[in-house]
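Enquirer: If it helps, the file is called protein.txt and holds compact mmCIF, C-alpha atoms:
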# COMPACT_ATOMS: atom_id res chain seq x y z
CA ASN R 1 -10.30 -11.60 3.49
CA GLU R 2 -11.41 -15.23 3.35
CA ILE R 3 -7.81 -16.40 3.79
CA VAL R 4 -7.24 -14.01 6.71
CA GLU R 5 -10.44 -15.24 8.36
CA ARG R 6 -9.34 -18.87 7.89
CA TYR R 7 -6.00 -18.15 9.59
CA ASN R 8 -7.80 -16.35 12.42
CA LYS R 9 -9.98 -19.43 13.01
CA ILE R 10 -6.95 -21.74 12.97
CA ALA R 11 -5.19 -19.48 15.49
CA GLN R 12 -8.24 -19.49 17.79
CA MET R 13 -8.59 -23.30 17.57
CA THR R 14 -4.92 -23.78 18.48
CA ASN R 15 -4.83 -21.06 21.17
CA ILE R 16 -2.26 -19.00 19.26
CA ASN R 17 -2.43 -15.30 20.01
CA LEU R 18 -2.03 -13.47 16.69
CA ILE R 19 -0.49 -10.04 17.15
CA THR R 20 -0.79 -8.99 13.52
CA MET R 21 -1.34 -10.40 10.07
CA GLU R 22 -0.94 -8.90 6.60
CA LEU R 23 -0.67 -9.93 2.99
CA GLU R 24 2.83 -10.71 1.70
CA THR R 25 2.45 -7.87 -0.79
CA PHE R 26 2.45 -5.23 1.96
CA SER R 27 5.49 -6.75 3.69
CA ALA R 28 7.46 -6.89 0.44
CA ALA R 29 6.57 -3.29 -0.45
CA ARG R 30 7.69 -2.08 3.00
CA ALA R 31 11.12 -3.65 2.51
CA LEU R 32 11.64 -2.70 -1.13
CA ILE R 33 10.27 0.84 -1.42
CA SER R 34 11.16 3.76 0.82
CA LYS R 35 8.41 5.82 2.46
CA THR R 36 9.60 8.92 0.60
CA HIS R 37 9.36 7.29 -2.85
CA SER R 38 7.09 9.38 -5.06
CA GLY R 39 6.75 7.40 -8.31
CA VAL R 40 4.66 4.42 -9.37
CA THR R 41 6.54 1.14 -9.00
CA ALA R 42 5.58 -2.45 -9.72
CA ILE R 43 6.81 -5.38 -7.67
CA LEU R 44 6.98 -8.66 -9.59
CA ASP R 45 7.41 -11.76 -7.43
CA ILE R 46 7.95 -14.84 -9.60
CA GLY R 47 7.57 -17.73 -7.18
CA ALA R 48 7.58 -21.45 -7.85
CA ARG R 49 3.84 -21.96 -8.35
CA ASN R 50 2.53 -18.47 -9.05
CA THR R 51 3.50 -14.89 -9.74
CA ASN R 52 2.33 -11.82 -7.87
CA VAL R 53 2.36 -8.34 -9.35
CA SER R 54 1.67 -5.30 -7.20
CA ILE R 55 1.47 -1.64 -8.10
CA VAL R 56 2.81 0.71 -5.44
CA ASP R 57 2.09 4.44 -5.70
CA LYS R 58 3.82 6.79 -3.25
CA SER R 59 4.87 3.77 -1.13
CA MET R 60 1.25 2.51 -0.83
CA VAL R 61 0.12 -0.77 -2.40
CA ILE R 62 -2.75 0.24 -4.69
CA MET R 63 -3.32 -2.85 -6.80
CA HIS R 64 -2.40 -6.53 -6.54
CA HIS R 65 -2.85 -9.34 -9.04
CA ASN R 66 -2.06 -13.05 -8.82
CA ILE R 67 -1.00 -15.01 -11.93
CA ASP R 68 -1.33 -18.81 -11.89
CA SER R 69 2.09 -19.41 -13.41
CA GLY R 70 5.58 -19.35 -12.00
CA GLY R 71 9.02 -20.87 -12.03
CA ALA R 72 7.73 -24.45 -12.03
CA ASN R 73 5.97 -23.78 -15.36
CA ILE R 74 9.26 -22.57 -16.83
CA THR R 75 11.07 -25.66 -15.53
CA ARG R 76 8.40 -28.03 -16.89
CA ALA R 77 8.48 -26.34 -20.31
CA LEU R 78 12.26 -26.76 -20.38
CA ALA R 79 12.07 -30.40 -19.27
CA ARG R 80 9.56 -31.25 -22.03
CA GLY R 81 11.34 -29.26 -24.72
CA MET R 82 14.86 -30.46 -23.90
CA LEU R 83 13.79 -34.04 -23.06
CA VAL R 84 15.43 -33.92 -19.63
CA ASN R 85 14.16 -34.48 -16.09
CA THR R 86 12.96 -31.53 -14.00
CA LYS R 87 16.11 -31.48 -11.87
CA ARG R 88 18.28 -31.00 -14.96
CA ALA R 89 15.80 -28.48 -16.40
CA GLU R 90 16.02 -26.43 -13.20
CA GLU R 91 19.83 -26.46 -13.43
CA LEU R 92 19.68 -25.27 -17.06
CA LYS R 93 17.22 -22.52 -16.17
CA ARG R 94 19.41 -21.20 -13.35
CA SER R 95 22.78 -21.55 -15.08
CA ASN R 96 22.00 -20.57 -18.68
CA GLY R 97 18.64 -18.82 -18.61
CA ILE R 98 17.59 -16.50 -21.42
CA GLU R 99 21.26 -15.70 -22.09
CA SER R 100 21.90 -19.26 -23.26
CA SER R 101 23.79 -19.69 -26.53
CA ASP R 102 21.32 -22.51 -27.26
CA GLN R 103 18.46 -20.61 -28.92
CA ASN R 104 16.03 -23.49 -28.39
CA LEU R 105 16.71 -23.46 -24.63
CA ALA R 106 16.31 -19.66 -24.46
CA GLU R 107 13.00 -19.79 -26.37
CA LEU R 108 11.67 -22.56 -24.12
CA ILE R 109 12.29 -20.28 -21.12
CA LYS R 110 10.86 -17.18 -22.83
CA THR R 111 7.50 -18.77 -23.77
CA PRO R 112 6.10 -19.18 -20.21
CA ILE R 113 7.72 -15.88 -19.18
CA ASP R 114 5.93 -14.13 -22.08
CA LYS R 115 2.57 -15.41 -20.79
CA ILE R 116 3.34 -13.91 -17.37
CA LEU R 117 4.52 -10.59 -18.84
CA ILE R 118 1.46 -10.24 -21.10
CA GLU R 119 -0.71 -10.46 -17.98
CA VAL R 120 1.55 -8.00 -16.13
CA GLN R 121 1.20 -5.58 -19.06
CA GLN R 122 -2.59 -5.93 -18.80
CA VAL R 123 -2.45 -5.08 -15.08
CA PHE R 124 -0.44 -1.93 -15.89
CA GLU R 125 -2.93 -0.90 -18.60
CA ASN R 126 -5.90 -1.49 -16.27
CA TYR R 127 -4.28 0.67 -13.61
CA VAL R 128 -3.89 3.57 -16.08
CA LYS R 129 -7.50 3.09 -17.30
CA GLU R 130 -8.67 3.42 -13.69
CA GLY R 131 -6.92 6.78 -13.41
CA GLY R 132 -3.50 5.77 -12.16
CA ALA R 133 -0.18 7.00 -13.51
CA SER R 134 2.06 4.85 -15.71
CA VAL R 135 4.40 2.45 -13.93
CA GLY R 136 7.93 3.89 -14.02
CA GLU R 137 9.96 0.96 -12.76
CA LEU R 138 9.66 -2.69 -11.83
CA ILE R 139 11.34 -4.44 -8.90
CA LEU R 140 11.88 -8.15 -9.45
CA ILE R 141 11.90 -10.57 -6.51
CA GLY R 142 11.29 -14.26 -5.86
CA GLY R 143 13.11 -17.48 -6.43
CA ASN R 144 13.33 -16.95 -10.18
CA ALA R 145 14.64 -13.38 -10.11
CA GLN R 146 18.18 -14.56 -10.80
CA ILE R 147 17.45 -16.35 -14.10
CA PRO R 148 20.32 -15.10 -16.30
CA GLY R 149 19.08 -12.45 -18.72
CA LEU R 150 15.63 -12.07 -17.11
CA VAL R 151 16.08 -8.45 -15.98
CA GLY R 152 17.06 -7.31 -19.48
CA TYR R 153 14.30 -9.36 -21.10
CA ILE R 154 11.57 -7.89 -18.87
CA LYS R 155 12.96 -4.39 -19.46
CA GLU R 156 12.76 -4.88 -23.22
CA PHE R 157 9.31 -6.51 -23.08
CA LEU R 158 7.62 -3.95 -20.80
CA LYS R 159 9.70 -0.91 -21.85
CA ILE R 160 10.37 0.20 -18.27
CA GLU R 161 13.32 0.18 -15.86
CA VAL R 162 13.79 -3.18 -14.11
CA LYS R 163 16.00 -4.07 -11.16
CA ILE R 164 16.35 -6.94 -8.73
CA GLY R 165 14.96 -5.99 -5.33
CA ASP R 166 17.16 -5.33 -2.32
CA PRO R 167 14.98 -5.76 0.79
CA PHE R 168 17.96 -4.96 3.03
CA MET R 169 18.57 -1.47 1.64
CA ASN R 170 17.14 0.08 4.84
CA ILE R 171 18.57 -2.52 7.23
CA GLU R 172 22.07 -2.61 8.69
CA VAL R 173 23.60 -6.04 8.10
CA PRO R 174 26.96 -7.47 9.15
CA TYR R 175 29.64 -7.03 6.52
CA SER R 176 30.22 -10.80 6.45
CA LEU R 177 26.63 -11.34 5.24
CA LYS R 178 26.50 -8.67 2.52
CA GLY R 179 27.78 -10.94 -0.27
CA LYS R 180 25.34 -13.73 0.57
CA LEU R 181 22.42 -11.31 0.86
CA GLN R 182 23.20 -9.89 -2.59
CA GLU R 183 22.78 -13.41 -3.98
CA THR R 184 19.68 -14.44 -2.02
CA GLY R 185 18.18 -11.20 -0.65
CA HIS R 186 15.52 -10.98 -3.39
CA ASP R 187 14.02 -14.13 -1.85
CA LEU R 188 13.71 -12.53 1.61
CA ALA R 189 11.63 -9.43 0.86
CA VAL R 190 8.53 -10.66 2.70
CA ALA R 191 10.51 -11.70 5.79
CA ALA R 192 12.44 -8.41 5.88
CA GLY R 193 9.27 -6.37 5.40
CA SER R 194 7.50 -8.26 8.19
CA ALA R 195 10.41 -7.55 10.52
CA LEU R 196 10.35 -3.85 9.59
CA ARG R 197 6.67 -3.55 10.55
CA LYS R 198 7.57 -3.21 14.28
Here is the file; what I need is its structure written in the form of structure tokens.

Expert:
Amino acid sequence: NEIVERYNKIAQMTNINLITMELETFSAARALISKTHSGVTAILDIGARNTNVSIVDKSMVIMHHNIDSGGANITRALARGMLVNTKRAEELKRSNGIESSDQNLAELIKTPIDKILIEVQQVFENYVKEGGASVGELILIGGNAQIPGLVGYIKEFLKIEVKIGDPFMNIEVPYSLKGKLQETGHDLAVAAGSALRK
């Protein structure tokens, strides 16, 4: 609410007429989960600086939690552990990931991911304690969703179904863009969800 109020004040000071404003979580959920979905789904957005986890029940966002760790933490851990610069560490993360034949590299990636997943697990447990149903599946989005082996690792860690989000599943797109959107679509969930609002 404080952030929304801050943006409202900025808009007023600059004479911008805001038509609507919402948290990224709601936009992402709109794009990734159909209105007829009946189960409990988690959306995990691993961004550069932080990670957002949301629990969506019957297509409504019920709970949201922000974790102060993201892809940059993974890259820094790799850079320190492999004694390389951050540019090279980012390349290693995106090309080899958890599937790397170099066990040291894979473990360096897993350590910061484990910290994120332990907190995600706690969010799931808290939701059940508050009377919610168990999370049945997790949708992975964000700039780090494509780390090789990440989907399988999260599935094994949390013991639930995991898939990479497709925010264009309810949007008609030109055939020529389908291949590109399969590669980068997980990064566009918030934008797609915002567009679907109207």

Enquirer: With all atoms listed in the file as the counted atoms, please give the residues lying no more than 12 Å from Lys87 in chain R, apart from itself and same-chain residues fewer than 4 positions off, as a VMD selection string.

Expert: chain R and resid 72 75 to 76 78 to 79 83 91 to 94

Enquirer: To one decimal place in Å, what is the distance between CA of Pro167 in chain R and CA of Ile147 in chain R?

Expert: 18.4 Å

Enquirer: Quick one, how far is CA of Gly136 in chain R from CA of His64 in chain R?

Expert: 16.5 Å

Enquirer: Which protein, DNA or RNA residues have an atom at most 9 Å from (0.9, -7.6, -4.5), counting all atoms listed in the file? List them as a compact mmCIF listing (two decimals) with C-alpha atoms, keeping the file's coordinate frame.

Expert:
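Writing the result to out.txt gives the following:
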# COMPACT_ATOMS: atom_id res chain seq x y z
CA LEU R 23 -0.67 -9.93 2.99
CA GLU R 24 2.83 -10.71 1.70
CA THR R 25 2.45 -7.87 -0.79
CA PHE R 26 2.45 -5.23 1.96
CA ALA R 28 7.46 -6.89 0.44
CA ALA R 29 6.57 -3.29 -0.45
CA ALA R 42 5.58 -2.45 -9.72
CA ILE R 43 6.81 -5.38 -7.67
CA LEU R 44 6.98 -8.66 -9.59
CA ASP R 45 7.41 -11.76 -7.43
CA ASN R 52 2.33 -11.82 -7.87
CA VAL R 53 2.36 -8.34 -9.35
CA SER R 54 1.67 -5.30 -7.20
CA ILE R 55 1.47 -1.64 -8.10
CA VAL R 56 2.81 0.71 -5.44
CA VAL R 61 0.12 -0.77 -2.40
CA ILE R 62 -2.75 0.24 -4.69
CA MET R 63 -3.32 -2.85 -6.80
CA HIS R 64 -2.40 -6.53 -6.54
CA HIS R 65 -2.85 -9.34 -9.04
CA ASN R 66 -2.06 -13.05 -8.82

Enquirer: For Leu32 in chain R, which residue out of R:Asn170, R:Gln182, R:Ser69, R:Ser95 is the nearest one, using all atoms listed in the file?

Expert: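 Of all the options, R:Asn170 lies closest to Leu32 in chain R.
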
Enquirer: One number please: CA of Ile141 in chain R to CA of Tyr153 in chain R, in Å, one decimal.

Expert: 14.8 Å

Enquirer: Compare R:Glu99, R:Glu2, R:Glu183, R:Asp57 by their minimum atom-to-atom distance to Leu150 in chain R, counting all atoms listed in the file, and give me the closest one.

Expert: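 Looking at the shortest contact to Leu150 in chain R, the residue is R:Glu99.
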
Enquirer: Under the rule that all atoms listed in the file are counted, which of R:Asp114, R:Arg197, R:Ala89, R:Gly143 is the nearest residue to Met21 in chain R?

Expert: R:Arg197

Enquirer: With only C-alpha atoms as the basis for distance, which of R:Val173, R:Leu117, R:His186, R:Ala48 is at the shortest distance from Glu156 in chain R?

Expert: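 Of R:Val173, R:Leu117, R:His186, R:Ala48, the one nearest Glu156 in chain R, counting only C-alpha atoms, is R:Leu117.
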
Enquirer: With only C-alpha atoms as the counted atoms, please give the residues lying no more than 7 Å from range 101-111 of chain R, apart from itself and same-chain residues fewer than 2 positions off, as a list of chain:residue names.

Expert: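 Once the nearby chain positions are removed, what remains is R:Ile74, R:Ala77, R:Leu78, R:Gly81, R:Gly97, R:Ile98, R:Glu99, R:Ile113, R:Asp114, R:Lys115.
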
Enquirer: Near Lys35 in chain R, counting all atoms listed in the file, which residues have an atom at most 7 Å away, once you skip same-chain residues fewer than 2 positions from it, shown as JSON, numbers by chain?

Expert: {"R": [33, 37, 59]}

Enquirer: Using all atoms listed in the file, which of R:Gln122, R:Tyr127, R:Asn73, R:Gly165 sits nearest Ala192 in chain R?

Expert: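 With all atoms listed in the file as the atom set, the closest residue is R:Gly165.
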
Enquirer: Which is closer to Ile46 in chain R than all the others in R:Arg88, R:Gly70, R:Val190, R:Glu172, using all atoms listed in the file?

Expert: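 Of R:Arg88, R:Gly70, R:Val190, R:Glu172, the one nearest Ile46 in chain R, counting all atoms listed in the file, is R:Gly70.
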